[in-house]
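K.L.:
I have a structure I would like to understand better, so I am pasting it below and will then ask my questions one at a time.
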Amino acid sequence: MTVTDAQAAAVLGGPGQLLSDEDVVAFIHEQLAGAGLDGRSVCVIVPDATRSCPLPLLLRAVDDALTGRVSRLTVLVALGTHAEMSAEELRVHLGGEYAVLNHEWWKPETFVELGTISADKVAEISGGLLHESVPVRLNRAVVEHDVALVVGPVFPHEVVGFSGGNKYFFPGVAGQEVIDLSHWLGALITSADIIGTPGITPVRALINEAAALIPAEKLALSVVAQSGTNALNAVAFGDTASSWRAAAAVSAETHVRYLEEPVRRVVSLMPPRYQDIWTAAKGFYKVEPIVADGGEVILYAPHVTQLAAMHPEIEQIGYHCRDYFLGQWDQFRDLHWGVLAHSTHLRGAGTWDPLTGEHCRLTVTLATAIPEPTVRAANLNYLNPADLDLTLYENDPTTLVLPNAGEILHRLK
């Protein structure tokens, strides 16, 4: 059934429902037919391969609905600052051949500057946590089309609360400045406090402020996917605000698991969609709230060989709690704040004192193919994945073993 909420997002499905491919395709065709896109150019912004999403199905439906009606159709992959996808990876990821662009965030010429968010506005949005102006740069492909159509999933997210919507622009296809500022704002609030928070968080408000500068019309097909599968619970169509809001409401009932009491240890089994710790760290973010003080999170990812493919500086900085950086801010303020944010998100809550040093709430252990010296130098614990006895952990009542970790948020009731 298709329903329409008060803010004009059309929604198919809902919590606990499973949609057929045929119903999804028919919904997309119906919504795009009435979206006033004839004769206009459309840039379709999609996720990379680090999210569960039946992207080939969705993109094929969009292409079928728009081919012959729009003047130009371009697919732009929202890498953020993730690694570039090869031509073959793109073909498999998208499910076919399209006019497709990687977001080449490392090339300054791929951006246009849309304006600046003032320091006073940033202070207002952040509740005084930050007072920094920020230039807003965006991939020029978005600006050079009449319509920007976001197609992708919504999940609980460690920086913004719930992913999706305007987040596909910022940080998805944004310049480094907004990425750094938004991620550091999330780090100041802390991942544990913002992840899975409904509504407009301060980071979401900052992203929306930047998105208001985009000249293209902004539409979205926001989906709620079963983690690790191609099944969909819901799909919402509207502008990037209403579509996201509708999908986030479904995600909040679909992607959050509640436990009665904390556990001593979590073993997060990381699927191959996470190719380095920069992305596999989601196996920590999604479980930090349920681990007791002094407990441990083990990221089991024997396929992972490096901390961060595109951000090698994390090996020099290491992983530390927020207060470690704030207490020595003069030493760290000139580094990329997005990297500092990633560091704090994986290390979790803690304190720092100039005399006694850093004290983190939890132990974080990597069971990966990353060399032990690299892991320990980054302020993390090391476990040889060959020595991990999964059966032993599964039989331990104080340990939670999570297959396909990284997308389902775990909270205490």
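Following the order of the structure tokens, first chain is A, next is B, and so on, with residues numbered from 1 inside each chain and ligands from 1 in the order they appear.
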What's around A:Pro108 at 12 Å? Count only C-alpha atoms, leave out sequence neighbours fewer than 5 positions away in its own chain, and write the answer as a list in words.
P.N.:
His103, Glu113, Arg137, Leu138, Asn139, Arg140, Ala174, Gly175 and Gln176 of chain A
K.L.:
Just to be explicit: take each residue in the selection above, keep all heavy atoms, and write the result as a PDB file, in the first residue's frame.
P.N.:
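Final file, part_39.pdb:
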ATOM      1  N   HIS A 103      32.766   9.904  -7.012  1.00  0.00           N
ATOM      2  CA  HIS A 103      33.017  11.205  -6.391  1.00  0.00           C
ATOM      3  C   HIS A 103      34.520  11.312  -6.136  1.00  0.00           C
ATOM      4  O   HIS A 103      35.035  10.745  -5.173  1.00  0.00           O
ATOM      5  CB  HIS A 103      32.238  11.341  -5.081  1.00  0.00           C
ATOM      6  CG  HIS A 103      32.639  12.535  -4.278  1.00  0.00           C
ATOM      7  ND1 HIS A 103      32.610  13.814  -4.789  1.00  0.00           N
ATOM      8  CD2 HIS A 103      33.092  12.649  -2.999  1.00  0.00           C
ATOM      9  CE1 HIS A 103      33.029  14.656  -3.866  1.00  0.00           C
ATOM     10  NE2 HIS A 103      33.335  13.980  -2.781  1.00  0.00           N
ATOM     11  N   GLU A 113      32.143  25.779  -5.326  1.00  0.00           N
ATOM     12  CA  GLU A 113      31.842  26.348  -4.013  1.00  0.00           C
ATOM     13  C   GLU A 113      30.464  26.998  -4.062  1.00  0.00           C
ATOM     14  O   GLU A 113      30.177  27.835  -4.908  1.00  0.00           O
ATOM     15  CB  GLU A 113      32.914  27.358  -3.603  1.00  0.00           C
ATOM     16  CG  GLU A 113      32.752  27.816  -2.166  1.00  0.00           C
ATOM     17  CD  GLU A 113      34.028  28.430  -1.583  1.00  0.00           C
ATOM     18  OE1 GLU A 113      35.132  28.055  -2.029  1.00  0.00           O
ATOM     19  OE2 GLU A 113      33.906  29.282  -0.685  1.00  0.00           O
ATOM     20  N   ARG A 137      31.631  23.222  -0.315  1.00  0.00           N
ATOM     21  CA  ARG A 137      31.993  22.757  -1.656  1.00  0.00           C
ATOM     22  C   ARG A 137      31.281  21.441  -1.934  1.00  0.00           C
ATOM     23  O   ARG A 137      31.142  20.600  -1.053  1.00  0.00           O
ATOM     24  CB  ARG A 137      33.500  22.576  -1.780  1.00  0.00           C
ATOM     25  CG  ARG A 137      34.303  23.868  -1.695  1.00  0.00           C
ATOM     26  CD  ARG A 137      35.766  23.643  -2.023  1.00  0.00           C
ATOM     27  NE  ARG A 137      36.379  22.668  -1.144  1.00  0.00           N
ATOM     28  CZ  ARG A 137      37.162  21.675  -1.543  1.00  0.00           C
ATOM     29  NH1 ARG A 137      37.431  21.519  -2.838  1.00  0.00           N
ATOM     30  NH2 ARG A 137      37.688  20.836  -0.673  1.00  0.00           N
ATOM     31  N   LEU A 138      30.855  21.293  -3.204  1.00  0.00           N
ATOM     32  CA  LEU A 138      30.087  20.129  -3.596  1.00  0.00           C
ATOM     33  C   LEU A 138      30.547  19.663  -4.966  1.00  0.00           C
ATOM     34  O   LEU A 138      30.995  20.467  -5.794  1.00  0.00           O
ATOM     35  CB  LEU A 138      28.595  20.497  -3.647  1.00  0.00           C
ATOM     36  CG  LEU A 138      27.598  19.348  -3.823  1.00  0.00           C
ATOM     37  CD1 LEU A 138      27.534  18.488  -2.565  1.00  0.00           C
ATOM     38  CD2 LEU A 138      26.207  19.902  -4.147  1.00  0.00           C
ATOM     39  N   ASN A 139      30.414  18.368  -5.208  1.00  0.00           N
ATOM     40  CA  ASN A 139      30.756  17.830  -6.521  1.00  0.00           C
ATOM     41  C   ASN A 139      29.973  18.579  -7.596  1.00  0.00           C
ATOM     42  O   ASN A 139      28.742  18.690  -7.521  1.00  0.00           O
ATOM     43  CB  ASN A 139      30.425  16.337  -6.570  1.00  0.00           C
ATOM     44  CG  ASN A 139      30.974  15.647  -7.798  1.00  0.00           C
ATOM     45  OD1 ASN A 139      30.601  15.977  -8.923  1.00  0.00           O
ATOM     46  ND2 ASN A 139      31.875  14.705  -7.589  1.00  0.00           N
ATOM     47  N   ARG A 140      30.671  19.065  -8.606  1.00  0.00           N
ATOM     48  CA  ARG A 140      30.048  19.919  -9.611  1.00  0.00           C
ATOM     49  C   ARG A 140      28.985  19.183 -10.429  1.00  0.00           C
ATOM     50  O   ARG A 140      28.100  19.822 -11.003  1.00  0.00           O
ATOM     51  CB  ARG A 140      31.100  20.532 -10.530  1.00  0.00           C
ATOM     52  CG  ARG A 140      31.884  19.587 -11.388  1.00  0.00           C
ATOM     53  CD  ARG A 140      32.776  20.338 -12.395  1.00  0.00           C
ATOM     54  NE  ARG A 140      33.698  21.254 -11.733  1.00  0.00           N
ATOM     55  CZ  ARG A 140      33.582  22.573 -11.758  1.00  0.00           C
ATOM     56  NH1 ARG A 140      32.562  23.146 -12.390  1.00  0.00           N
ATOM     57  NH2 ARG A 140      34.464  23.337 -11.154  1.00  0.00           N
ATOM     58  N   ALA A 174      30.818  15.805  -0.895  1.00  0.00           N
ATOM     59  CA  ALA A 174      31.180  17.140  -0.402  1.00  0.00           C
ATOM     60  C   ALA A 174      32.681  17.347  -0.355  1.00  0.00           C
ATOM     61  O   ALA A 174      33.469  16.402  -0.430  1.00  0.00           O
ATOM     62  CB  ALA A 174      30.592  17.355   0.993  1.00  0.00           C
ATOM     63  N   GLY A 175      33.056  18.605  -0.176  1.00  0.00           N
ATOM     64  CA  GLY A 175      34.446  18.966   0.049  1.00  0.00           C
ATOM     65  C   GLY A 175      34.875  18.645   1.469  1.00  0.00           C
ATOM     66  O   GLY A 175      34.048  18.443   2.371  1.00  0.00           O
ATOM     67  N   GLN A 176      36.179  18.626   1.688  1.00  0.00           N
ATOM     68  CA  GLN A 176      36.752  18.194   2.960  1.00  0.00           C
ATOM     69  C   GLN A 176      36.316  19.070   4.128  1.00  0.00           C
ATOM     70  O   GLN A 176      36.168  18.606   5.259  1.00  0.00           O
ATOM     71  CB  GLN A 176      38.280  18.197   2.855  1.00  0.00           C
ATOM     72  CG  GLN A 176      38.993  17.555   4.035  1.00  0.00           C
ATOM     73  CD  GLN A 176      38.836  16.045   4.055  1.00  0.00           C
ATOM     74  OE1 GLN A 176      39.054  15.381   3.058  1.00  0.00           O
ATOM     75  NE2 GLN A 176      38.448  15.497   5.204  1.00  0.00           N
TER      76      GLN A 176
END
K.L.:
Can you list, as a short mmCIF file (atom, residue, chain, number, x, y, z; two decimals) with all heavy atoms, in the first residue's frame, every protein, DNA or RNA residue that comes within 12 Å of A:Arg376 when you count only C-alpha atoms, leaving out same-chain residues fewer than 4 positions away?
P.N.:
data_model
loop_
_atom_site.label_atom_id
_atom_site.label_comp_id
_atom_site.auth_asym_id
_atom_site.auth_seq_id
_atom_site.Cartn_x
_atom_site.Cartn_y
_atom_site.Cartn_z
N LEU A 307 44.38 -0.19 8.40
CA LEU A 307 43.50 0.64 9.21
C LEU A 307 42.61 1.52 8.34
O LEU A 307 41.40 1.59 8.54
CB LEU A 307 44.31 1.50 10.18
CG LEU A 307 45.09 0.74 11.27
CD1 LEU A 307 45.91 1.71 12.10
CD2 LEU A 307 44.13 -0.05 12.17
N GLU A 315 47.42 6.00 11.32
CA GLU A 315 48.47 5.18 11.93
C GLU A 315 49.39 6.01 12.82
O GLU A 315 49.95 5.51 13.79
CB GLU A 315 49.28 4.46 10.85
CG GLU A 315 48.48 3.41 10.10
CD GLU A 315 49.36 2.54 9.21
OE1 GLU A 315 50.59 2.50 9.45
OE2 GLU A 315 48.83 1.93 8.27
N GLN A 316 49.55 7.29 12.47
CA GLN A 316 50.37 8.17 13.31
C GLN A 316 49.58 8.73 14.49
O GLN A 316 50.11 8.87 15.59
CB GLN A 316 50.91 9.35 12.48
CG GLN A 316 52.10 8.98 11.59
CD GLN A 316 51.72 8.10 10.41
OE1 GLN A 316 50.79 8.43 9.67
NE2 GLN A 316 52.41 6.99 10.23
N GLY A 318 46.68 7.37 15.83
CA GLY A 318 46.16 6.32 16.70
C GLY A 318 44.71 6.57 17.06
O GLY A 318 44.08 7.52 16.60
N TYR A 319 44.19 5.70 17.91
CA TYR A 319 42.78 5.77 18.33
C TYR A 319 42.71 6.21 19.79
O TYR A 319 43.30 5.59 20.67
CB TYR A 319 42.11 4.42 18.12
CG TYR A 319 41.91 4.09 16.66
CD1 TYR A 319 42.86 3.37 15.95
CD2 TYR A 319 40.79 4.56 15.98
CE1 TYR A 319 42.69 3.09 14.60
CE2 TYR A 319 40.61 4.28 14.63
CZ TYR A 319 41.56 3.56 13.94
OH TYR A 319 41.39 3.29 12.61
N VAL A 364 39.23 -2.16 22.92
CA VAL A 364 38.91 -2.44 21.52
C VAL A 364 40.02 -3.34 20.97
O VAL A 364 41.20 -2.97 21.00
CB VAL A 364 38.81 -1.16 20.68
CG1 VAL A 364 38.45 -1.50 19.24
CG2 VAL A 364 37.78 -0.21 21.28
N THR A 365 39.61 -4.50 20.47
CA THR A 365 40.56 -5.50 19.99
C THR A 365 40.31 -5.78 18.51
O THR A 365 39.16 -6.01 18.11
CB THR A 365 40.42 -6.81 20.79
OG1 THR A 365 40.69 -6.54 22.18
CG2 THR A 365 41.39 -7.86 20.28
N LEU A 366 41.37 -5.76 17.72
CA LEU A 366 41.27 -6.10 16.31
C LEU A 366 41.77 -7.53 16.08
O LEU A 366 42.89 -7.86 16.43
CB LEU A 366 42.11 -5.15 15.45
CG LEU A 366 41.78 -3.66 15.50
CD1 LEU A 366 42.54 -2.92 14.41
CD2 LEU A 366 40.28 -3.41 15.38
N ALA A 367 40.91 -8.34 15.49
CA ALA A 367 41.30 -9.68 15.03
C ALA A 367 41.24 -9.63 13.50
O ALA A 367 40.25 -10.01 12.87
CB ALA A 367 40.36 -10.74 15.59
N ILE A 370 45.84 -7.11 9.90
CA ILE A 370 46.74 -5.97 10.11
C ILE A 370 47.86 -6.42 11.05
O ILE A 370 47.59 -7.05 12.08
CB ILE A 370 45.97 -4.78 10.72
CG1 ILE A 370 44.81 -4.37 9.81
CG2 ILE A 370 46.90 -3.60 10.96
CD1 ILE A 370 43.89 -3.34 10.43
N PRO A 371 49.11 -6.11 10.74
CA PRO A 371 50.21 -6.56 11.59
C PRO A 371 50.06 -6.08 13.04
O PRO A 371 49.60 -4.97 13.29
CB PRO A 371 51.45 -5.94 10.92
CG PRO A 371 51.04 -5.74 9.49
CD PRO A 371 49.58 -5.40 9.54
N GLU A 372 50.48 -6.93 13.96
CA GLU A 372 50.35 -6.62 15.39
C GLU A 372 51.02 -5.31 15.77
O GLU A 372 50.43 -4.50 16.52
CB GLU A 372 50.90 -7.77 16.23
CG GLU A 372 50.77 -7.51 17.73
CD GLU A 372 51.20 -8.71 18.57
OE1 GLU A 372 51.59 -9.76 17.99
OE2 GLU A 372 51.13 -8.59 19.82
N LEU A 380 45.31 0.11 20.08
CA LEU A 380 44.28 -0.92 20.10
C LEU A 380 44.90 -2.25 20.50
O LEU A 380 46.10 -2.46 20.37
CB LEU A 380 43.62 -1.06 18.72
CG LEU A 380 42.96 0.19 18.14
CD1 LEU A 380 42.48 -0.08 16.72
CD2 LEU A 380 41.82 0.68 19.02
N ASN A 381 44.07 -3.17 20.98
CA ASN A 381 44.54 -4.50 21.33
C ASN A 381 44.58 -5.39 20.08
O ASN A 381 43.81 -5.19 19.14
CB ASN A 381 43.64 -5.14 22.38
CG ASN A 381 44.05 -4.76 23.79
OD1 ASN A 381 44.77 -3.79 23.98
ND2 ASN A 381 43.59 -5.52 24.76
N TYR A 382 45.44 -6.38 20.10
CA TYR A 382 45.64 -7.27 18.97
C TYR A 382 45.26 -8.69 19.36
O TYR A 382 45.56 -9.17 20.46
CB TYR A 382 47.09 -7.25 18.51
CG TYR A 382 47.42 -8.29 17.45
CD1 TYR A 382 47.19 -8.03 16.10
CD2 TYR A 382 47.94 -9.54 17.81
CE1 TYR A 382 47.47 -8.99 15.13
CE2 TYR A 382 48.23 -10.49 16.84
CZ TYR A 382 47.99 -10.21 15.51
OH TYR A 382 48.27 -11.16 14.54
N LEU A 383 44.57 -9.38 18.44
CA LEU A 383 44.29 -10.80 18.58
C LEU A 383 44.48 -11.44 17.22
O LEU A 383 43.88 -11.00 16.23
CB LEU A 383 42.86 -11.03 19.08
CG LEU A 383 42.37 -12.48 19.15
CD1 LEU A 383 43.20 -13.29 20.14
CD2 LEU A 383 40.89 -12.51 19.54
#
K.L.:
Pick from A:Ala65, A:Ala78, A:Ala246, A:Ile277: nearest to A:Gly34, with only C-alpha atoms counted?
P.N.:
A:Ala65
K.L.:
Mind listing the helix (DSSP H, G or I) residues of stretch 18-69 of chain A, per DSSP on the backbone, as a list in words?
P.N.:
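Going through stretch 18-69 of chain A, the helix (DSSP H, G or I) residues come out as Asp21, Glu22, Asp23, Val24, Val25, Ala26, Phe27, Ile28, His29, Glu30, Gln31, Leu32, Ala33, Leu55, Pro56, Leu57, Leu58, Leu59, Arg60, Ala61, Val62, Asp63, Asp64, Ala65 and Leu66 of chain A.
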K.L.:
If we count only C-alpha atoms, what is near stretch 164-171 of chain A at a cut-off of 6 Å, once residues fewer than 6 positions away on the same chain are taken out, given as a list in words?
P.N.:
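Those residues are Gly80, Val154, Ile179, Ile207, Thr240 and Trp244 of chain A.
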K.L.:
Pull all heavy atoms from the residues just selected and write them as a PDB file, in the first residue's frame.
P.N.:
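File part24.pdb, as written:
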ATOM      1  N   GLY A  80      32.093   9.834  -0.172  1.00  0.00           N
ATOM      2  CA  GLY A  80      32.604  10.549   0.993  1.00  0.00           C
ATOM      3  C   GLY A  80      34.097  10.701   0.823  1.00  0.00           C
ATOM      4  O   GLY A  80      34.569  11.368  -0.103  1.00  0.00           O
ATOM      5  N   VAL A 154      18.712   3.993   4.568  1.00  0.00           N
ATOM      6  CA  VAL A 154      18.792   4.735   5.830  1.00  0.00           C
ATOM      7  C   VAL A 154      19.074   3.730   6.945  1.00  0.00           C
ATOM      8  O   VAL A 154      18.372   2.723   7.071  1.00  0.00           O
ATOM      9  CB  VAL A 154      17.483   5.497   6.105  1.00  0.00           C
ATOM     10  CG1 VAL A 154      17.497   6.117   7.503  1.00  0.00           C
ATOM     11  CG2 VAL A 154      17.256   6.573   5.040  1.00  0.00           C
ATOM     12  N   ILE A 179      33.009  18.025   5.597  1.00  0.00           N
ATOM     13  CA  ILE A 179      33.205  16.688   6.153  1.00  0.00           C
ATOM     14  C   ILE A 179      33.894  16.780   7.507  1.00  0.00           C
ATOM     15  O   ILE A 179      33.455  16.175   8.495  1.00  0.00           O
ATOM     16  CB  ILE A 179      34.019  15.816   5.186  1.00  0.00           C
ATOM     17  CG1 ILE A 179      33.220  15.527   3.919  1.00  0.00           C
ATOM     18  CG2 ILE A 179      34.447  14.507   5.860  1.00  0.00           C
ATOM     19  CD1 ILE A 179      33.979  14.750   2.862  1.00  0.00           C
ATOM     20  N   ILE A 207      24.125  19.732   8.116  1.00  0.00           N
ATOM     21  CA  ILE A 207      24.034  19.176   6.768  1.00  0.00           C
ATOM     22  C   ILE A 207      22.886  19.829   5.996  1.00  0.00           C
ATOM     23  O   ILE A 207      23.026  20.182   4.815  1.00  0.00           O
ATOM     24  CB  ILE A 207      23.842  17.646   6.854  1.00  0.00           C
ATOM     25  CG1 ILE A 207      25.152  16.967   7.278  1.00  0.00           C
ATOM     26  CG2 ILE A 207      23.359  17.070   5.535  1.00  0.00           C
ATOM     27  CD1 ILE A 207      24.994  15.502   7.621  1.00  0.00           C
ATOM     28  N   THR A 240      14.365  15.537  -0.186  1.00  0.00           N
ATOM     29  CA  THR A 240      15.360  14.834   0.626  1.00  0.00           C
ATOM     30  C   THR A 240      15.081  14.924   2.118  1.00  0.00           C
ATOM     31  O   THR A 240      15.597  14.113   2.883  1.00  0.00           O
ATOM     32  CB  THR A 240      16.779  15.371   0.340  1.00  0.00           C
ATOM     33  OG1 THR A 240      16.767  16.803   0.395  1.00  0.00           O
ATOM     34  CG2 THR A 240      17.281  14.910  -1.009  1.00  0.00           C
ATOM     35  N   TRP A 244      13.631  11.239   3.733  1.00  0.00           N
ATOM     36  CA  TRP A 244      14.512  10.753   4.804  1.00  0.00           C
ATOM     37  C   TRP A 244      13.746  10.578   6.109  1.00  0.00           C
ATOM     38  O   TRP A 244      13.897   9.570   6.802  1.00  0.00           O
ATOM     39  CB  TRP A 244      15.673  11.728   5.016  1.00  0.00           C
ATOM     40  CG  TRP A 244      16.399  11.432   6.294  1.00  0.00           C
ATOM     41  CD1 TRP A 244      17.318  10.449   6.504  1.00  0.00           C
ATOM     42  CD2 TRP A 244      16.198  12.072   7.560  1.00  0.00           C
ATOM     43  NE1 TRP A 244      17.727  10.453   7.829  1.00  0.00           N
ATOM     44  CE2 TRP A 244      17.054  11.438   8.484  1.00  0.00           C
ATOM     45  CE3 TRP A 244      15.394  13.132   7.996  1.00  0.00           C
ATOM     46  CZ2 TRP A 244      17.106  11.822   9.821  1.00  0.00           C
ATOM     47  CZ3 TRP A 244      15.454  13.516   9.326  1.00  0.00           C
ATOM     48  CH2 TRP A 244      16.306  12.866  10.227  1.00  0.00           C
TER      49      TRP A 244
END
K.L.:
Rank A:Val159, A:His345, A:Phe237, A:Thr229 by their smallest atom-to-atom distance to A:Arg204, using only C-alpha atoms, and report the top residue only.
P.N.:
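Of all the options, A:Val159 lies closest to A:Arg204.
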K.L.:
Can you check which residues of stretch 214-368 of chain A DSSP gives as strand (DSSP E) on the backbone and send them as a PyMOL selection string?
P.N.:
chain A and resi 217-225+232-239+256-259+263-269+291-301+350-353+357-360+363-368
K.L.:
Restricted to C-alpha atoms, what would the selected residues look like written as a CSV table (one decimal), in the first residue's frame?
P.N.:
chain,number,residue,atom,x,y,z
A,217,GLU,CA,15.9,20.4,-7.0
A,218,LYS,CA,16.6,17.7,-4.3
A,219,LEU,CA,14.5,14.5,-4.4
A,220,ALA,CA,15.1,11.1,-2.7
A,221,LEU,CA,14.1,7.5,-2.9
A,222,SER,CA,15.0,6.5,0.7
A,223,VAL,CA,14.9,2.8,1.4
A,224,VAL,CA,14.9,0.7,4.6
A,225,ALA,CA,16.8,-2.6,3.8
A,232,LEU,CA,13.4,-4.1,1.5
A,233,ASN,CA,11.0,-3.2,4.3
A,234,ALA,CA,10.1,0.2,3.0
A,235,VAL,CA,10.8,2.8,0.3
A,236,ALA,CA,9.9,6.5,0.6
A,237,PHE,CA,9.8,9.2,-2.1
A,238,GLY,CA,9.7,12.9,-1.7
A,239,ASP,CA,12.2,15.7,-1.2
A,256,VAL,CA,17.6,-1.1,16.6
A,257,ARG,CA,17.9,-4.1,18.9
A,258,TYR,CA,17.3,-3.6,22.6
A,259,LEU,CA,19.0,-5.7,25.4
A,263,VAL,CA,27.2,-7.6,28.2
A,264,ARG,CA,30.9,-8.0,29.1
A,265,ARG,CA,32.1,-8.6,25.5
A,266,VAL,CA,30.9,-8.3,21.9
A,267,VAL,CA,32.5,-10.1,19.0
A,268,SER,CA,31.5,-8.3,15.9
A,269,LEU,CA,31.9,-10.5,12.8
A,291,VAL,CA,29.0,-3.1,26.7
A,292,ALA,CA,29.5,-2.8,30.4
A,293,ASP,CA,32.3,-0.5,31.8
A,294,GLY,CA,35.6,-2.3,31.5
A,295,GLY,CA,34.3,-4.6,28.8
A,296,GLU,CA,35.6,-5.4,25.3
A,297,VAL,CA,34.6,-5.2,21.7
A,298,ILE,CA,36.4,-7.5,19.3
A,299,LEU,CA,36.3,-6.7,15.6
A,300,TYR,CA,36.7,-10.0,13.8
A,301,ALA,CA,37.7,-9.2,10.2
A,350,GLY,CA,37.0,8.0,28.0
A,351,THR,CA,38.9,10.6,30.0
A,352,TRP,CA,42.3,12.2,29.7
A,353,ASP,CA,44.4,13.8,32.4
A,357,GLY,CA,47.0,10.0,30.9
A,358,GLU,CA,44.1,8.4,29.0
A,359,HIS,CA,41.5,6.1,30.5
A,360,CYS,CA,39.0,4.6,28.0
A,363,THR,CA,38.9,-2.3,25.3
A,364,VAL,CA,38.9,-2.4,21.5
A,365,THR,CA,40.6,-5.5,20.0
A,366,LEU,CA,41.3,-6.1,16.3
A,367,ALA,CA,41.3,-9.7,15.0
A,368,THR,CA,42.4,-8.8,11.5
K.L.:
Could you tell me which of A:Thr74, A:Asn230, A:Asn384, A:Asn395 comes closest to A:Pro302 if we count only C-alpha atoms?
P.N.:
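Nearest to A:Pro302: A:Asn384.
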K.L.:
For stretch 328-330 of chain A, work out the shell of residues within 12 Å, counting only C-alpha atoms and skipping chain neighbours fewer than 3 positions away, then give it as a compact mmCIF listing (two decimals) with N, CA, C and O atoms, in the first residue's frame.
P.N.:
# COMPACT_ATOMS: atom_id res chain seq x y z
N HIS A 320 41.95 7.29 20.00
CA HIS A 320 41.87 7.88 21.33
C HIS A 320 40.48 8.43 21.59
O HIS A 320 39.73 8.75 20.66
N CYS A 321 40.16 8.58 22.86
CA CYS A 321 38.87 9.16 23.22
C CYS A 321 38.86 10.65 22.93
O CYS A 321 39.91 11.28 22.74
N ARG A 322 37.69 11.22 22.89
CA ARG A 322 37.52 12.65 22.58
C ARG A 322 38.37 13.54 23.48
O ARG A 322 39.03 14.48 23.01
N ASP A 323 38.36 13.26 24.78
CA ASP A 323 39.02 14.15 25.72
C ASP A 323 40.54 14.13 25.58
O ASP A 323 41.22 15.09 25.98
N TYR A 324 41.08 13.06 25.01
CA TYR A 324 42.51 13.01 24.73
C TYR A 324 42.90 14.13 23.76
O TYR A 324 43.93 14.79 23.94
N PHE A 325 42.07 14.34 22.75
CA PHE A 325 42.35 15.40 21.78
C PHE A 325 42.02 16.78 22.34
O PHE A 325 42.80 17.73 22.16
N ARG A 333 44.80 20.36 16.51
CA ARG A 333 43.78 21.16 15.85
C ARG A 333 44.02 21.36 14.35
O ARG A 333 43.07 21.60 13.59
N ASP A 334 45.26 21.25 13.90
CA ASP A 334 45.56 21.49 12.49
C ASP A 334 45.49 20.21 11.64
O ASP A 334 45.74 20.27 10.43
N LEU A 335 45.16 19.09 12.25
CA LEU A 335 44.98 17.85 11.50
C LEU A 335 43.54 17.78 10.98
O LEU A 335 42.68 18.55 11.39
N TRP A 337 39.97 17.10 10.95
CA TRP A 337 39.06 16.80 12.04
C TRP A 337 38.25 15.54 11.76
O TRP A 337 37.81 14.87 12.69
N LEU A 340 40.31 12.77 13.17
CA LEU A 340 40.22 12.79 14.63
C LEU A 340 38.88 12.22 15.08
O LEU A 340 38.79 11.48 16.07
N TRP A 352 40.90 11.95 29.87
CA TRP A 352 42.33 12.18 29.73
C TRP A 352 42.77 13.18 30.79
O TRP A 352 42.07 14.19 31.03
N ASP A 353 43.88 12.89 31.41
CA ASP A 353 44.43 13.77 32.42
C ASP A 353 45.92 13.96 32.13
O ASP A 353 46.61 12.98 31.80
N PRO A 354 46.44 15.19 32.21
CA PRO A 354 47.85 15.40 31.88
C PRO A 354 48.81 14.63 32.77
O PRO A 354 49.96 14.37 32.37
N GLY A 357 47.15 10.42 32.25
CA GLY A 357 46.99 9.95 30.88
C GLY A 357 45.56 9.63 30.51
O GLY A 357 44.60 10.15 31.08
N GLU A 358 45.41 8.72 29.56
CA GLU A 358 44.12 8.39 28.97
C GLU A 358 43.52 7.15 29.63
O GLU A 358 44.23 6.18 29.90
K.L.:
Have a look at A:Ala148, A:Leu206, A:Ala9, A:Ala377 and name the one nearest to A:Leu73; count only C-alpha atoms.
P.N.:
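Nearest candidate to A:Leu73 out of A:Ala148, A:Leu206, A:Ala9, A:Ala377: A:Ala148.
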K.L.:
Give me, as a PyMOL selection string, all polymer residues having an atom no more than 8 Å from A:Leu412, counting only C-alpha atoms and skipping those fewer than 3 positions away in the same chain.
P.N.:
chain A and resi 258-262+289-290
K.L.:
Between A:Glu158, A:Val25, A:Ser118, A:Glu84, single out the one closest to A:Leu130, counting only C-alpha atoms.
P.N.:
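Distance minimum relative to A:Leu130 lands on A:Ser118.
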